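Here is the file work.txt (compact mmCIF, C-alpha atoms and all ligand atoms).
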# COMPACT_ATOMS: atom_id res chain seq x y z
CA MET D 30 89.09 69.95 104.54
CA SER D 31 90.79 68.45 107.57
CA LEU D 32 93.69 70.26 109.15
CA SER D 33 96.62 68.94 111.09
CA HIS D 34 98.11 72.33 111.79
CA LEU D 35 97.55 75.96 112.66
CA ASN D 36 96.14 77.73 109.61
CA VAL D 37 95.87 81.52 109.41
CA LYS D 38 93.78 83.26 106.78
CA TYR D 39 93.66 87.01 106.23
CA TRP D 40 90.20 88.26 105.24
CA GLY D 41 91.11 91.95 105.60
CA THR D 42 94.52 93.62 105.86
CA ARG D 43 93.68 97.32 105.33
CA GLY D 44 93.83 99.81 108.21
CA SER D 45 91.65 102.72 109.35
CA ILE D 46 88.84 102.48 106.75
CA PRO D 47 87.98 100.16 103.83
CA SER D 48 89.70 101.58 100.78
CA SER D 49 90.42 100.64 97.20
CA MET D 50 92.20 102.47 94.40
CA GLN D 51 89.84 104.53 92.24
CA PRO D 52 88.55 103.12 88.91
CA GLY D 53 90.89 105.45 86.98
CA GLU D 54 93.87 104.23 89.02
CA TRP D 55 92.91 100.58 88.42
CA SER D 56 92.64 101.38 84.72
CA LEU D 57 96.21 102.68 84.67
CA HIS D 58 97.33 99.67 86.71
CA PHE D 59 95.81 97.24 84.20
CA GLU D 60 97.39 99.19 81.34
CA GLY D 61 100.74 98.60 83.04
CA LEU D 62 100.05 94.87 83.32
CA VAL D 63 99.15 94.61 79.63
CA ARG D 64 102.33 96.49 78.73
CA GLY D 65 104.26 94.07 80.95
CA PHE D 66 102.71 91.12 79.09
CA PHE D 67 103.99 92.36 75.73
CA SER D 68 107.34 93.55 77.14
CA ALA D 69 107.91 90.00 78.39
CA GLY D 70 107.74 88.88 74.77
CA HIS D 71 104.26 87.32 74.92
CA ARG D 72 101.94 87.74 71.95
CA ASP D 73 99.35 84.99 72.33
CA PRO D 74 96.23 85.08 74.58
CA SER D 75 97.03 81.52 75.70
CA GLN D 76 100.09 82.97 77.50
CA VAL D 77 98.03 85.33 79.69
CA GLN D 78 97.46 82.78 82.44
CA LYS D 79 101.16 81.84 82.54
CA TYR D 80 102.16 85.50 82.64
CA PHE D 81 99.79 86.23 85.54
CA ASP D 82 100.98 83.14 87.40
CA SER D 83 104.55 84.47 87.14
CA LEU D 84 103.55 87.58 89.10
CA GLU D 85 102.77 87.78 92.81
CA ILE D 86 99.04 88.05 93.55
CA PRO D 87 99.17 91.63 94.98
CA ILE D 88 101.19 92.84 91.98
CA VAL D 89 98.19 91.90 89.84
CA GLY D 90 95.23 92.42 92.17
CA GLY D 91 96.50 94.65 94.97
CA TYR D 92 96.44 94.14 98.73
CA GLY D 93 92.68 94.33 99.18
CA ALA D 94 90.14 96.88 100.37
CA SER D 95 88.80 95.21 103.53
CA THR D 96 89.83 96.05 107.07
CA THR D 97 91.17 93.68 109.73
CA CYS D 98 89.67 90.24 110.03
CA VAL D 99 91.80 87.15 110.57
CA GLU D 100 90.70 83.54 110.84
CA VAL D 101 92.79 81.03 112.76
CA GLU D 102 91.91 77.38 112.29
CA THR D 103 93.14 74.21 113.97
CA PRO D 104 91.90 70.61 113.54
CA GLN D 105 89.15 71.16 116.12
CA GLY D 106 88.91 74.91 116.34
CA GLN D 107 88.21 78.23 114.67
CA LEU D 108 88.91 81.69 116.03
CA ILE D 109 88.08 84.96 114.32
CA ILE D 110 90.22 87.94 115.31
CA ASP D 111 88.41 91.28 114.86
CA GLY D 112 85.34 92.18 112.84
CA GLY D 113 86.63 94.59 110.22
CA SER D 114 84.90 94.67 106.84
CA GLY D 115 86.78 91.47 105.86
CA ILE D 116 84.44 89.47 108.10
CA ARG D 117 81.70 89.82 105.47
CA GLN D 118 83.57 87.56 103.04
CA LEU D 119 84.36 85.06 105.80
CA SER D 120 80.67 85.12 106.66
CA GLU D 121 79.79 84.35 103.02
CA ARG D 122 82.12 81.37 103.08
CA ILE D 123 80.50 80.12 106.29
CA MET D 124 77.01 80.51 104.80
CA SER D 125 77.94 78.85 101.52
CA GLY D 126 77.98 75.54 103.38
CA THR D 127 81.24 74.56 101.70
CA HIS D 128 82.95 74.58 105.06
CA ALA D 129 82.68 72.24 108.01
CA ARG D 130 81.99 74.97 110.54
CA ALA D 131 78.70 76.30 109.19
CA LYS D 132 76.70 75.91 112.40
CA GLY D 133 79.13 77.32 114.93
CA PRO D 134 79.75 77.86 117.71
CA PHE D 135 81.72 80.89 116.57
CA HIS D 136 84.45 82.58 118.59
CA ILE D 137 85.38 86.21 117.92
CA TYR D 138 88.28 87.88 119.74
CA MET D 139 88.27 91.67 119.71
CA THR D 140 91.65 93.44 119.95
CA HIS D 141 89.90 96.81 120.39
CA PHE D 142 86.88 98.72 119.16
CA HIS D 143 88.13 101.25 116.60
CA TRP D 144 85.83 101.47 113.56
CA ASP D 145 88.10 99.49 111.26
CA HIS D 146 87.92 96.50 113.64
CA VAL D 147 84.14 96.50 114.23
CA ILE D 148 82.63 97.83 111.01
CA GLY D 149 81.94 94.36 109.56
CA LEU D 150 80.28 92.84 112.64
CA PRO D 151 76.65 93.64 111.64
CA PHE D 152 77.38 91.75 108.39
CA PHE D 153 78.45 88.55 110.14
CA THR D 154 75.42 86.48 109.12
CA PRO D 155 75.57 83.88 111.94
CA HIS D 156 74.24 86.68 114.20
CA PHE D 157 70.92 86.26 112.38
CA LEU D 158 70.66 82.45 112.66
CA PRO D 159 68.43 81.02 115.41
CA ASN D 160 70.20 79.00 118.08
CA VAL D 161 73.66 79.56 116.64
CA GLN D 162 76.15 80.44 119.34
CA VAL D 163 78.41 83.47 118.84
CA ASN D 164 81.01 84.02 121.57
CA TYR D 165 82.82 87.31 121.94
CA TYR D 166 86.12 87.61 123.82
CA ALA D 167 88.00 90.76 124.84
CA VAL D 168 90.00 92.16 127.72
CA HIS D 169 87.79 95.28 127.76
CA PRO D 170 85.14 94.94 130.51
CA GLU D 171 82.83 97.26 128.53
CA MET D 172 82.81 94.87 125.54
CA GLU D 173 79.11 93.98 125.76
CA SER D 174 77.83 97.56 125.66
CA LEU D 175 80.27 98.37 122.83
CA ILE D 176 79.08 95.44 120.66
CA ARG D 177 75.41 96.23 121.46
CA GLY D 178 76.08 99.83 120.41
CA ILE D 179 77.18 98.75 116.92
CA PHE D 180 73.68 97.36 116.27
CA ARG D 181 71.91 100.43 117.68
CA LYS D 182 69.34 102.28 115.56
CA PRO D 183 69.69 104.39 113.46
CA TYR D 184 73.21 103.11 112.75
CA PHE D 185 71.86 99.65 111.93
CA PRO D 186 68.24 98.55 111.31
CA VAL D 187 68.24 95.36 113.42
CA PRO D 188 68.65 96.03 117.15
CA PHE D 189 70.90 93.71 119.12
CA GLU D 190 67.93 92.53 121.24
CA SER D 191 66.23 91.14 118.10
CA LEU D 192 69.14 88.95 117.03
CA PRO D 193 68.02 85.31 117.15
CA SER D 194 71.50 83.85 117.74
CA LYS D 195 72.82 83.13 121.23
CA ILE D 196 75.47 85.77 121.85
CA ARG D 197 77.77 85.45 124.86
CA PHE D 198 80.49 87.73 126.14
CA HIS D 199 83.66 86.50 127.82
CA THR D 200 85.92 89.06 129.48
CA LEU D 201 89.51 87.85 129.50
CA GLU D 202 92.17 88.53 132.10
CA PRO D 203 95.25 90.30 130.74
CA ARG D 204 98.09 87.87 129.98
CA GLN D 205 96.14 84.84 131.22
CA PRO D 206 95.87 81.88 128.84
CA VAL D 207 92.41 80.56 127.93
CA ARG D 208 91.44 77.43 125.98
CA ILE D 209 89.14 77.80 122.97
CA ASP D 210 88.48 74.44 121.31
CA ASP D 211 91.96 72.92 120.91
CA MET D 212 93.90 76.19 120.89
CA THR D 213 95.28 78.33 123.71
CA ILE D 214 94.96 82.10 123.44
CA THR D 215 96.67 84.74 125.59
CA PRO D 216 96.05 88.50 125.31
CA TYR D 217 98.96 90.95 125.66
CA GLN D 218 98.79 94.72 125.50
CA LEU D 219 99.94 96.56 122.37
CA ASP D 220 100.90 100.24 122.06
CA HIS D 221 97.80 102.08 120.84
CA PRO D 222 95.95 105.32 121.81
CA ASP D 223 92.90 103.37 123.07
CA PRO D 224 93.73 100.11 124.84
CA CYS D 225 94.40 97.40 122.26
CA TRP D 226 95.19 93.81 123.16
CA GLY D 227 97.19 91.64 120.77
CA LEU D 228 96.90 87.89 120.93
CA LYS D 229 99.15 84.85 121.06
CA VAL D 230 97.48 81.74 119.66
CA GLU D 231 99.15 78.39 120.32
CA TYR D 232 98.43 74.94 119.00
CA GLY D 233 100.58 71.83 118.57
CA GLY D 234 103.83 73.58 119.48
CA LYS D 235 103.23 76.42 116.98
CA ALA D 236 102.63 80.04 117.93
CA TYR D 237 100.89 82.87 116.06
CA ALA D 238 101.28 86.45 117.38
CA HIS D 239 98.70 89.04 116.34
CA CYS D 240 100.25 92.51 116.80
CA VAL D 241 97.83 94.91 115.05
CA ASP D 242 97.20 97.78 115.95
CA THR D 243 100.42 98.86 117.58
CA GLU D 244 102.86 101.75 117.37
CA GLY D 245 105.71 99.63 118.72
CA THR D 246 106.79 102.37 121.11
CA ARG D 247 108.04 99.76 123.56
CA VAL D 248 110.78 97.80 121.84
CA THR D 249 113.39 96.81 124.45
CA ARG D 250 112.79 93.72 126.57
CA GLU D 251 112.74 95.93 129.65
CA ASP D 252 110.06 98.25 128.23
CA LEU D 253 107.91 95.38 126.95
CA GLY D 254 108.02 93.85 130.43
CA PRO D 255 105.02 91.55 130.98
CA ASP D 256 104.04 91.77 127.29
CA LEU D 257 107.38 90.39 126.05
CA PRO D 258 106.09 86.77 125.62
CA LEU D 259 103.87 88.00 122.76
CA TYR D 260 107.03 88.56 120.74
CA GLN D 261 109.20 85.58 121.69
CA ASN D 262 109.75 82.35 119.74
CA ILE D 263 106.90 83.02 117.35
CA ASP D 264 106.32 81.04 114.15
CA LEU D 265 104.20 83.74 112.48
CA MET D 266 103.80 87.35 113.61
CA TYR D 267 101.27 89.76 112.09
CA TYR D 268 102.69 93.23 112.67
CA ASP D 269 101.43 96.79 112.13
CA ALA D 270 103.32 98.51 109.30
CA GLN D 271 100.93 101.26 108.24
CA TYR D 272 103.73 103.80 107.91
CA THR D 273 107.18 104.09 106.41
CA PHE D 274 110.01 104.42 108.89
CA PRO D 275 110.50 108.20 108.21
CA GLU D 276 106.72 108.79 108.55
CA LEU D 277 106.76 107.42 112.11
CA ALA D 278 108.31 110.61 113.46
CA ASP D 279 105.44 112.72 112.05
CA LYS D 280 102.78 110.29 113.25
CA ALA D 281 103.78 109.89 116.88
CA ASN D 282 100.85 108.69 119.03
CA TRP D 283 98.78 107.68 115.98
CA GLY D 284 99.13 104.07 117.13
CA HIS D 285 100.78 102.45 114.12
CA SER D 286 104.26 101.24 113.33
CA ALA D 287 106.70 100.45 110.51
CA ALA D 288 108.14 97.18 109.22
CA GLN D 289 111.66 98.05 110.37
CA ILE D 290 110.52 98.15 114.01
CA GLY D 291 108.96 94.70 113.58
CA LEU D 292 112.10 93.30 111.97
CA ASP D 293 114.23 94.50 114.89
CA ILE D 294 111.98 92.57 117.26
CA ALA D 295 111.99 89.51 114.98
CA PHE D 296 115.79 89.34 114.80
CA ARG D 297 116.14 89.65 118.56
CA GLU D 298 113.30 87.37 119.66
CA ASN D 299 113.56 84.51 117.17
CA VAL D 300 110.44 85.20 115.12
CA LYS D 301 110.48 82.93 112.06
CA HIS D 302 108.01 84.71 109.79
CA MET D 303 106.76 88.31 109.81
CA LEU D 304 103.72 89.55 107.94
CA PHE D 305 103.25 93.31 107.77
CA ALA D 306 99.80 94.87 107.39
CA HIS D 307 97.24 97.50 108.47
CA HIS D 308 97.98 99.11 105.12
CA ASP D 309 97.19 102.81 104.99
CA PRO D 310 93.85 103.55 103.27
CA GLY D 311 95.70 105.88 100.91
CA ALA D 312 98.40 103.34 100.01
CA SER D 313 98.28 102.20 96.36
CA ILE D 314 99.91 98.97 95.15
CA GLN D 315 102.90 101.09 94.15
CA THR D 316 103.14 102.69 97.61
CA ILE D 317 103.19 99.30 99.33
CA GLN D 318 105.77 98.08 96.78
CA ASP D 319 107.94 101.09 97.69
CA ILE D 320 107.59 100.27 101.41
CA ARG D 321 108.58 96.67 100.57
CA ARG D 322 111.72 97.91 98.82
CA GLN D 323 112.65 100.06 101.82
CA THR D 324 112.07 97.09 104.12
CA GLN D 325 114.29 94.89 101.91
CA GLU D 326 117.07 97.49 102.08
CA TYR D 327 116.83 97.58 105.86
CA TYR D 328 116.70 93.77 106.11
CA SER D 329 119.78 93.33 103.89
CA TRP D 330 121.65 96.03 105.80
CA ARG D 331 120.93 94.37 109.18
CA ILE D 332 122.03 90.93 107.90
CA GLN D 333 125.21 92.31 106.29
CA ASN D 334 126.07 94.47 109.27
CA ALA D 335 125.69 91.59 111.71
CA LYS D 336 127.85 89.36 109.50
CA GLU D 337 130.63 91.97 109.38
CA ASN D 338 130.49 92.27 113.17
CA GLY D 339 130.95 88.52 113.53
CA GLN D 340 127.47 87.99 115.03
CA PRO D 341 125.38 86.68 112.14
CA LEU D 342 121.61 86.96 112.46
CA PRO D 343 119.18 84.12 111.76
CA PRO D 344 117.19 84.71 108.56
CA VAL D 345 113.64 85.98 109.04
CA LYS D 346 111.03 85.27 106.38
CA TRP D 347 108.89 88.38 105.83
CA GLY D 348 106.27 89.81 103.52
CA PHE D 349 103.33 92.20 103.25
CA ALA D 350 99.95 90.56 103.86
CA TYR D 351 97.14 90.81 101.34
CA GLU D 352 93.48 89.89 101.46
CA GLY D 353 92.98 86.16 100.89
CA LEU D 354 96.49 85.18 101.95
CA GLU D 355 96.64 81.90 103.85
CA VAL D 356 99.59 80.64 105.89
CA LYS D 357 99.91 77.12 107.29
CA LEU D 358 102.14 76.64 110.31
ZN ZN S 401 93.06 99.52 113.05
ZN ZN S 402 93.09 101.04 116.25
As a first step, turn the structure in this file into structure tokens.
Amino acid sequence: MSLSHLNVKYWGTRGSIPSSMQPGEWSLHFEGLVRGFFSAGHRDPSQVQKYFDSLEIPIVGGYGASTTCVEVETPQGQLIIDGGSGIRQLSERIMSGTHARAKGPFHIYMTHFHWDHVIGLPFFTPHFLPNVQVNYYAVHPEMESLIRGIFRKPYFPVPFESLPSKIRFHTLEPRQPVRIDDMTITPYQLDHPDPCWGLKVEYGGKAYAHCVDTEGTRVTREDLGPDLPLYQNIDLMYYDAQYTFPELADKANWGHSAAQIGLDIAFRENVKHMLFAHHDPGASIQTIQDIRRQTQEYYSWRIQNAKENGQPLPPVKWGFAYEGLEVKL
């Protein structure tokens, strides 16, 4: 498939640890769907497909179990952001040969090294292919020893030194743009207990901002200081919304934010589309639906309030990301 734009695909949107609802919970969920089918007046099996198509994907199948892994593609380039458990499925797609970029070189940007962002790396199959080039990028100068450590026995059976691929490490300067293929990437610091660097990816006049994991403790332009450009004039922003707004007070310094904080930034800085993620491992479909409702209430209140004050706000498209979601910019 040829691309003429910036394409972002989410291979993992869960935070902290891979997590799915339990079989019993799925059972109840499916029971609800079947009830919904009959309540909608359907009686015939031929109507099942139509009924499912009328529902949003996560309402049927949930938001996914895998942790953070995002693929950004441009006509000439591919960048993988973080190696959470979602990278295994991306790896399978690469190995299936159904995609142009089966032989690399591969580029993986690491925001930070918490478990949920590295746990999938040993399952990225190109590591095991002779002569395939795998490039790692991070601001952290200790990146190489951290990646080597993930493959260390007895945590993983194949030591890093035995990997036949050509693995290279590129330490990036904070806030300095770098070219990868035909895209420009610039790391900016997020608000997280261990240093975490978000990323702005630009191609063809479009900008993607990757802001996971962050607590969003710095919100004003003054506080954001040199990291403000990560949030300005963005076409698509991926923002940490692990918690509800009231939960934030109890979880100070845990390093995660809420959708309302992201929306405030979006309204002020002209962000066109917000996607919220890093879903809590304990969050069921219902929990995320509840958070969506709270976010909608806040969004409507902000729009209405601004209108009444004679300073209408530009609309911001927003949603909660789920595994497999693809956005074209
Ligand atoms: Zn995380
Ligand atoms: Zn983290």
How big is the axis-aligned box, and where does its centre sit, when it encloses all atoms of segment 159-176 of chain D listed in the file and has 3 Å added on every side, reported in Å to one decimal as AutoDock Vina command-line options?
--center_x 79.2 --center_y 88.7 --center_z 123.0 --size_x 27.6 --size_y 25.4 --size_z 21.1
**OP:** Please provide as an NGL selection string all residues within 10 Å of Val37 of chain D, with the sequence filter that same-chain residues fewer than 6 positions apart are discarded (counting all atoms listed in the file).
**Re:** :D and (99-103 or 107-109 or 237 or 265 or 354-358)
Keeping only C-alpha atoms, take the residues you just selected and write them out as a short mmCIF file (atom, residue, chain, number, x, y, z; two decimals), in the coordinates of the input.
data_model
loop_
_atom_site.label_atom_id
_atom_site.label_comp_id
_atom_site.auth_asym_id
_atom_site.auth_seq_id
_atom_site.Cartn_x
_atom_site.Cartn_y
_atom_site.Cartn_z
CA VAL D 99 91.80 87.15 110.57
CA GLU D 100 90.70 83.54 110.84
CA VAL D 101 92.79 81.03 112.76
CA GLU D 102 91.91 77.38 112.29
CA THR D 103 93.14 74.21 113.97
CA GLN D 107 88.21 78.23 114.67
CA LEU D 108 88.91 81.69 116.03
CA ILE D 109 88.08 84.96 114.32
CA TYR D 237 100.89 82.87 116.06
CA LEU D 265 104.20 83.74 112.48
CA LEU D 354 96.49 85.18 101.95
CA GLU D 355 96.64 81.90 103.85
CA VAL D 356 99.59 80.64 105.89
CA LYS D 357 99.91 77.12 107.29
CA LEU D 358 102.14 76.64 110.31
#
Proximity of chain D to ligand ZN 402 (chain S): per-residue shortest pair, 7 Å limit, only C-alpha atoms and all ligand atoms, as a Markdown table:
| residue | atom | partner | partner_atom | distance |
| --- | --- | --- | --- | --- |
| D:His141 | CA | S:ZN402 | ZN | 6.7 |
| D:His143 | CA | S:ZN402 | ZN | 5.0 |
| D:His221 | CA | S:ZN402 | ZN | 6.7 |
| D:Asp242 | CA | S:ZN402 | ZN | 5.3 |
| D:Gly284 | CA | S:ZN402 | ZN | 6.8 |
**OP:** Grab me every residue within 12 Å of ligand ZN 401 (chain S), counting all atoms listed in the file, and send it over as a ChimeraX atom specification.
**Re:** /D:41-47,95-98,111-114,139-148,219-227,240-244,268-271,283-286,306-310
Original post:
To one decimal place, how far is atom CA of Ala131 of chain D from atom CA of Val161 of chain D in Å?
Top reply: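 Pair atom CA of Ala131 of chain D / atom CA of Val161 of chain D returns 9.6 Å.
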